[in-house]
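Take a look at the structure below.
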Amino acid sequence: MPSERSAPSFLAAAVPVIAALALLPRFAGIYQIELITYGLAFAIAALGFNLLLGYTGLLSFGHSAYFGTGAYTVAFIARDLGIHSMELSILGALVSSLLVSALFGYVCVRHTRIFFGILTLALSQVLWSLAFKFFWITGGTDGLRVPRTGVTLLGGLIDFKGAGAYQRFVFSYYYYVLAIFVIAALIMWVIVHSPFGKALQAIRDNETRAGFVGIRVRRYRWIAFIISGVFTGLAGALWVPLNGLTTPEVLYWPFSGEIVFMTVLGGFRTFIGSMVGALAFNYLKVYAVASSQYWQLVLGSVLVAIVLVLPSGIVGAFGQPPPWVSRAAASRSLFVRASLALLLLLYLFLSISQFTQAVGLSGDVAGIVGTLALMAAILSCFLLIVLIHHRGTAIDHGWLVIAALLPPLGFLVSRAMGAPALFATAALGASLFLFPIALGASLPSRKLAERGA
């Protein structure tokens with residue numbers, strides 16, 4: 001499990017990812033950089049939420065309250081105090097989210113299960129009602145603007161005035177959010193691997209036994225609630241300058257549901273699962289919105305399919321595979337049939353998605369079909385990777401690194417040969433996938449051999 005790695009292993013895995021994110025602006029466009037910046041902010045919120053759900057066993061439906069508290073605090077500081085320093089704004093957001101989460105947490109941690117969830121939801125809706133009704137303070141549905149040109153970073157050393165301000169803001173703010181994201185992830189990693197974090201996991205697994213060994217259950221839950229709220233408030237503070245506007249929508253209960261789903265999508269019992277889920281959900285929502293005015297149908301269909309096929313989440317699928325994956329990986333014949341079926345589905349869905357673009361179909365139906373086909377192709381590809389991983393042949397995981405390079409390689413080949421990017425990627429993927437499939441079919445499962453030993 002990723003959450004159980006030692007510090008050297010965690011750093012060894014994290015450094016290449018951080019380096020890749022740091023180099024990304026050299027290769028990606030401004031729109032993609034902005035999307036990833038949004039994703040990193042949401043990842044901090046999901047990281048905080050996962051401390052409650054994944055490590056303490058408490059499901060909150062009201063984390064939009066702390067996200068919104070952080071966002072509105074930055075907006076109030078900019079409007080009423082005339083302070084545009086991002087560092088001071090973040091400090092104010094941390095203090096306000098700490099106070100709100102401490103107050104709400106004191107009430108909520110007295111209960112568990114569905115009663116805890118309902119209390120968090122009810123209290124968050126109190127804040128939403130205040131933001132909605134007191135429009136002379138909060139701006140009501142019009143919200144409060146936080147102009148990007150007025151924001152300064154690093155104590156005023158970086159500002160965004162003059163020509164090219166938008167481009168400079170996007171790239172500078174990306175690195176700013178990335179640095180805070182790395183610091184937040186390291187702090188959370190220390191927390192969950194500390195004695196305090198282990199006590200939270202003991203409470204999650206068996207509250208009665210945790211109390212018997214001397215753990216003050218309610219106090220530990222309250223502290224976890226506060227930490228979770230502060231992380232979510234930090235995410236809201238980072239989000240609002242990027243969005244340029246905060247409205248009562250960020251306090252409304254559907255946004256709490258999005259934070260929950262980010263964590264569940266990635267895998268809530270893994271450390272990196274919540275972060276991966278936040279990035280994935282952000283992209284899913286953006287492309288669903290772009291596909292059709294009925295984007296809720298697209299997003300809901302994709303998310304339901306992912307939950308049904310991968311109940312343990314994206315990252316969790318590598319540690320706790322679905323039952324059908326375990327059965328297919330244990331049998332040579334089932335492995336071959338399942339792998340080839342997923343490979344065929346991958347190309348079928350890619351073909352459908354490419355067809356809707358090639359013939360120039362327009363309208364909501366074409367957008368929905370094309371987007372769903374592309375998402376189904378990505379899901380088929382991921383399931384194939386998970387299946388090969390759990391087959392556990394002698395090739396181990398080295399080919400996964402090559403598979404991760406498929407999108408950029410496909411893009412380069414498509415630019416060089418003039419071929420559609422999807423088909424260029426698919427052609428490269430065929431050879432990369434067929435090799436581990438053939439090896440998995442010819443060699444016994446290493447994992448089965450380890451269990452037998």
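Scheme for the structure tokens: letters A, B, ... for chains in order shown; per-chain residue numbers from 1; ligand numbers from 1 in order shown.
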
Worksheet entry | Residues within 7 Å of A:Ala102, only C-alpha atoms, excluding chain neighbours under 4 positions, as a PyMOL selection string | chain A and resi 98+106+226

Restricting it to N, CA and C atoms, dump the selection as a compact mmCIF listing (two decimals), in the first residue's frame.
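Okay, selection-v7.txt is ready:
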# COMPACT_ATOMS: atom_id res chain seq x y z
N LEU A 98 -9.32 27.33 10.64
CA LEU A 98 -9.05 26.64 11.91
C LEU A 98 -10.16 26.91 12.91
N TYR A 106 -16.07 20.38 17.12
CA TYR A 106 -16.42 20.12 18.51
C TYR A 106 -17.84 19.58 18.63
N ILE A 226 -9.90 19.26 12.83
CA ILE A 226 -9.32 20.60 12.67
C ILE A 226 -8.25 20.59 11.59

Item to complete: Enumerate as a list of chain:residue names all residues of stretch 6-239 of chain A assigned to strand (DSSP E or B) by DSSP on the backbone, naming them with the chain letters and numbers the document uses.
Response: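 Put together, the selection reads A:Ser85, A:Leu144, A:Arg145, A:Thr152, A:Leu153, A:Ile158.
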
Only N, CA and C atoms, please: the residues just picked out, written as a short mmCIF file (atom, residue, chain, number, x, y, z; two decimals), in the first residue's frame.
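Generated file (part.cif):
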data_model
loop_
_atom_site.label_atom_id
_atom_site.label_comp_id
_atom_site.auth_asym_id
_atom_site.auth_seq_id
_atom_site.Cartn_x
_atom_site.Cartn_y
_atom_site.Cartn_z
N SER A 85 -1.13 40.63 -0.67
CA SER A 85 -0.06 39.65 -0.48
C SER A 85 -0.67 38.27 -0.29
N LEU A 144 -17.72 37.64 -4.79
CA LEU A 144 -16.66 38.62 -4.56
C LEU A 144 -15.51 38.34 -5.52
N ARG A 145 -15.05 39.39 -6.18
CA ARG A 145 -13.95 39.23 -7.12
C ARG A 145 -12.61 39.34 -6.41
N THR A 152 -0.07 39.58 -5.26
CA THR A 152 1.39 39.57 -5.25
C THR A 152 1.88 38.31 -4.54
N LEU A 153 3.01 37.80 -4.98
CA LEU A 153 3.60 36.58 -4.41
C LEU A 153 4.95 36.89 -3.79
N ILE A 158 6.87 39.39 -6.67
CA ILE A 158 6.26 39.05 -7.96
C ILE A 158 4.87 39.67 -8.01
#

Each residue of stretch 306-378 of chain A with at least one atom at most 6 Å from stretch 260-279 of chain A should appear once, together with its nearest atom pair and the corresponding distance in Å (one decimal); atoms considered: only C-alpha atoms; ordering: chain, then increasing residue number; output as a tab-separated table.
residue	atom	partner	partner_atom	distance
A:Ser312	CA	A:Gly267	CA	5.6
A:Gly313	CA	A:Gly267	CA	4.1
A:Ile314	CA	A:Gly266	CA	4.7
A:Val315	CA	A:Gly273	CA	5.2
A:Gly316	CA	A:Gly267	CA	4.8

Discussion item. When you count only C-alpha atoms, which of these residues is closest to A:Val177: A:Ser353, A:Ser129, A:Thr37, A:Ser339?
Written reply: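 Using only C-alpha atoms, A:Val177 sits closest to A:Thr37.
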
Item to complete: Just give me the gap between atom CA of A:Phe169 and atom CA of A:Leu40 in Å, one decimal is fine.
Response: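 Atom-to-atom, atom CA of A:Phe169 and atom CA of A:Leu40 are spaced 15.8 Å apart.
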
Practice prompt. Identify, on the basis of only C-alpha atoms, every residue whose closest approach to A:Leu121 does not exceed 7 Å; exclude the query and any residue fewer than 3 positions from it along the same chain; express the result as a list in words.
Written response: Phe61, Gly62, Gly117, Ile118, Ser124, Gln125 and Trp253 of chain A

Worksheet item: What is the distance between atom CA of A:Phe349 and atom CA of A:Cys381, in Å to one decimal?
Response: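 According to the coordinates, atom CA of A:Phe349 and atom CA of A:Cys381 are separated by 10.5 Å.
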
Give me the stretch 84-184 of chain A side of the contact with stretch 27-36 of chain A, cut-off 10 Å, one line per residue showing its nearest atom pair and distance in Å at one decimal, counting only C-alpha atoms, sorted by chain and residue number, as a Markdown table.
| residue | atom | partner | partner_atom | distance |
| --- | --- | --- | --- | --- |
| A:Tyr166 | CA | A:Ile30 | CA | 9.7 |
| A:Gln167 | CA | A:Ile30 | CA | 7.2 |
| A:Arg168 | CA | A:Ile30 | CA | 9.9 |
| A:Phe169 | CA | A:Glu34 | CA | 9.8 |
| A:Val170 | CA | A:Glu34 | CA | 6.2 |
| A:Phe171 | CA | A:Ile33 | CA | 7.2 |
| A:Tyr173 | CA | A:Glu34 | CA | 9.0 |
| A:Tyr174 | CA | A:Ile33 | CA | 7.0 |
| A:Tyr175 | CA | A:Ile33 | CA | 9.9 |
| A:Val177 | CA | A:Ile36 | CA | 9.9 |
| A:Leu178 | CA | A:Ile36 | CA | 9.5 |

Take the residues that were just selected and, keeping N, CA and C atoms, output them as a PDB file, in the first residue's frame.
ATOM      1  N   TYR A 166      -1.562  37.991 -17.661  1.00  0.00           N
ATOM      2  CA  TYR A 166      -2.282  36.723 -17.507  1.00  0.00           C
ATOM      3  C   TYR A 166      -1.338  35.538 -17.648  1.00  0.00           C
ATOM      4  N   GLN A 167      -0.499  35.540 -18.692  1.00  0.00           N
ATOM      5  CA  GLN A 167       0.439  34.443 -18.888  1.00  0.00           C
ATOM      6  C   GLN A 167       1.423  34.336 -17.731  1.00  0.00           C
ATOM      7  N   ARG A 168       1.931  35.478 -17.281  1.00  0.00           N
ATOM      8  CA  ARG A 168       2.872  35.457 -16.162  1.00  0.00           C
ATOM      9  C   ARG A 168       2.208  34.949 -14.892  1.00  0.00           C
ATOM     10  N   PHE A 169       0.951  35.324 -14.703  1.00  0.00           N
ATOM     11  CA  PHE A 169       0.237  34.846 -13.515  1.00  0.00           C
ATOM     12  C   PHE A 169       0.072  33.336 -13.548  1.00  0.00           C
ATOM     13  N   VAL A 170      -0.370  32.784 -14.680  1.00  0.00           N
ATOM     14  CA  VAL A 170      -0.639  31.341 -14.759  1.00  0.00           C
ATOM     15  C   VAL A 170       0.617  30.539 -14.459  1.00  0.00           C
ATOM     16  N   PHE A 171       1.731  30.885 -15.077  1.00  0.00           N
ATOM     17  CA  PHE A 171       2.953  30.093 -14.892  1.00  0.00           C
ATOM     18  C   PHE A 171       3.572  30.329 -13.518  1.00  0.00           C
ATOM     19  N   TYR A 173       1.983  31.350 -10.776  1.00  0.00           N
ATOM     20  CA  TYR A 173       1.089  30.811  -9.754  1.00  0.00           C
ATOM     21  C   TYR A 173       1.110  29.290  -9.752  1.00  0.00           C
ATOM     22  N   TYR A 174       1.350  28.680 -10.903  1.00  0.00           N
ATOM     23  CA  TYR A 174       1.477  27.224 -10.963  1.00  0.00           C
ATOM     24  C   TYR A 174       2.616  26.751 -10.059  1.00  0.00           C
ATOM     25  N   TYR A 175       3.764  27.376 -10.176  1.00  0.00           N
ATOM     26  CA  TYR A 175       4.902  26.975  -9.344  1.00  0.00           C
ATOM     27  C   TYR A 175       4.644  27.293  -7.874  1.00  0.00           C
ATOM     28  N   VAL A 177       1.659  27.297  -6.326  1.00  0.00           N
ATOM     29  CA  VAL A 177       0.746  26.266  -5.817  1.00  0.00           C
ATOM     30  C   VAL A 177       1.456  24.917  -5.725  1.00  0.00           C
ATOM     31  N   LEU A 178       2.302  24.615  -6.689  1.00  0.00           N
ATOM     32  CA  LEU A 178       3.039  23.346  -6.656  1.00  0.00           C
ATOM     33  C   LEU A 178       3.927  23.260  -5.417  1.00  0.00           C
TER      34      LEU A 178
END

Item to complete: Please identify which residues in stretch 56-235 of chain A DSSP calls helix (DSSP H, G or I) from the backbone, and express them as number ranges by chain.
Response: A: 64-81, 86-108, 113-133, 135-138, 140-142, 148-150, 165-193, 195-205, 207-212, 217-235

Item to complete: Rank nothing, just name the residue among A:Ile191, A:Leu99, A:Val15, A:Leu154 nearest to A:Tyr66, using only C-alpha atoms.
Response: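 Of the candidates, the smallest distance to A:Tyr66 is held by A:Leu99.
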
Fill in: Straight-line distance linking atom CA of A:Ala199 with atom CA of A:Ala46, stated in Å to one decimal
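Between these atoms lies a distance of 20.7 Å.
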
Discussion item. At a cut-off of 9 Å, using only C-alpha atoms, what residues contact A:Lys285? Leave out same-chain residues fewer than 3 positions from it and give the result as a PyMOL selection string.
Written reply: chain A and resi 280-282+288-290+295-296+298-299

Write the residues of the selection above to a file with N, CA and C atoms, as a PDB file, in the first residue's frame.
ATOM      1  N   ALA A 280      -7.713  13.598 -11.369  1.00  0.00           N
ATOM      2  CA  ALA A 280      -8.541  12.882 -12.343  1.00  0.00           C
ATOM      3  C   ALA A 280      -9.942  13.477 -12.408  1.00  0.00           C
ATOM      4  N   PHE A 281     -10.532  13.765 -11.261  1.00  0.00           N
ATOM      5  CA  PHE A 281     -11.885  14.320 -11.234  1.00  0.00           C
ATOM      6  C   PHE A 281     -11.926  15.688 -11.895  1.00  0.00           C
ATOM      7  N   ASN A 282     -10.898  16.497 -11.670  1.00  0.00           N
ATOM      8  CA  ASN A 282     -10.863  17.825 -12.272  1.00  0.00           C
ATOM      9  C   ASN A 282     -10.893  17.730 -13.795  1.00  0.00           C
ATOM     10  N   ALA A 288     -16.146  16.869 -19.429  1.00  0.00           N
ATOM     11  CA  ALA A 288     -17.581  16.590 -19.474  1.00  0.00           C
ATOM     12  C   ALA A 288     -18.356  17.870 -19.741  1.00  0.00           C
ATOM     13  N   VAL A 289     -17.957  18.968 -19.091  1.00  0.00           N
ATOM     14  CA  VAL A 289     -18.631  20.252 -19.303  1.00  0.00           C
ATOM     15  C   VAL A 289     -18.458  20.712 -20.751  1.00  0.00           C
ATOM     16  N   ALA A 290     -17.278  20.461 -21.320  1.00  0.00           N
ATOM     17  CA  ALA A 290     -17.012  20.885 -22.695  1.00  0.00           C
ATOM     18  C   ALA A 290     -17.743  20.032 -23.725  1.00  0.00           C
ATOM     19  N   TRP A 295     -23.753  17.870 -19.397  1.00  0.00           N
ATOM     20  CA  TRP A 295     -22.495  17.315 -18.907  1.00  0.00           C
ATOM     21  C   TRP A 295     -22.675  16.506 -17.624  1.00  0.00           C
ATOM     22  N   GLN A 296     -23.717  16.813 -16.842  1.00  0.00           N
ATOM     23  CA  GLN A 296     -23.950  16.016 -15.633  1.00  0.00           C
ATOM     24  C   GLN A 296     -24.211  14.556 -15.976  1.00  0.00           C
ATOM     25  N   VAL A 298     -22.961  12.950 -18.601  1.00  0.00           N
ATOM     26  CA  VAL A 298     -21.669  12.372 -18.980  1.00  0.00           C
ATOM     27  C   VAL A 298     -20.834  12.075 -17.744  1.00  0.00           C
ATOM     28  N   LEU A 299     -20.699  13.075 -16.883  1.00  0.00           N
ATOM     29  CA  LEU A 299     -19.867  12.905 -15.689  1.00  0.00           C
ATOM     30  C   LEU A 299     -20.427  11.819 -14.786  1.00  0.00           C
TER      31      LEU A 299
END

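The closest residue to A:Pro323, picked from A:Val126, A:Leu297, A:Leu387, A:Ala366 and counting only C-alpha atoms, is A:Leu387.
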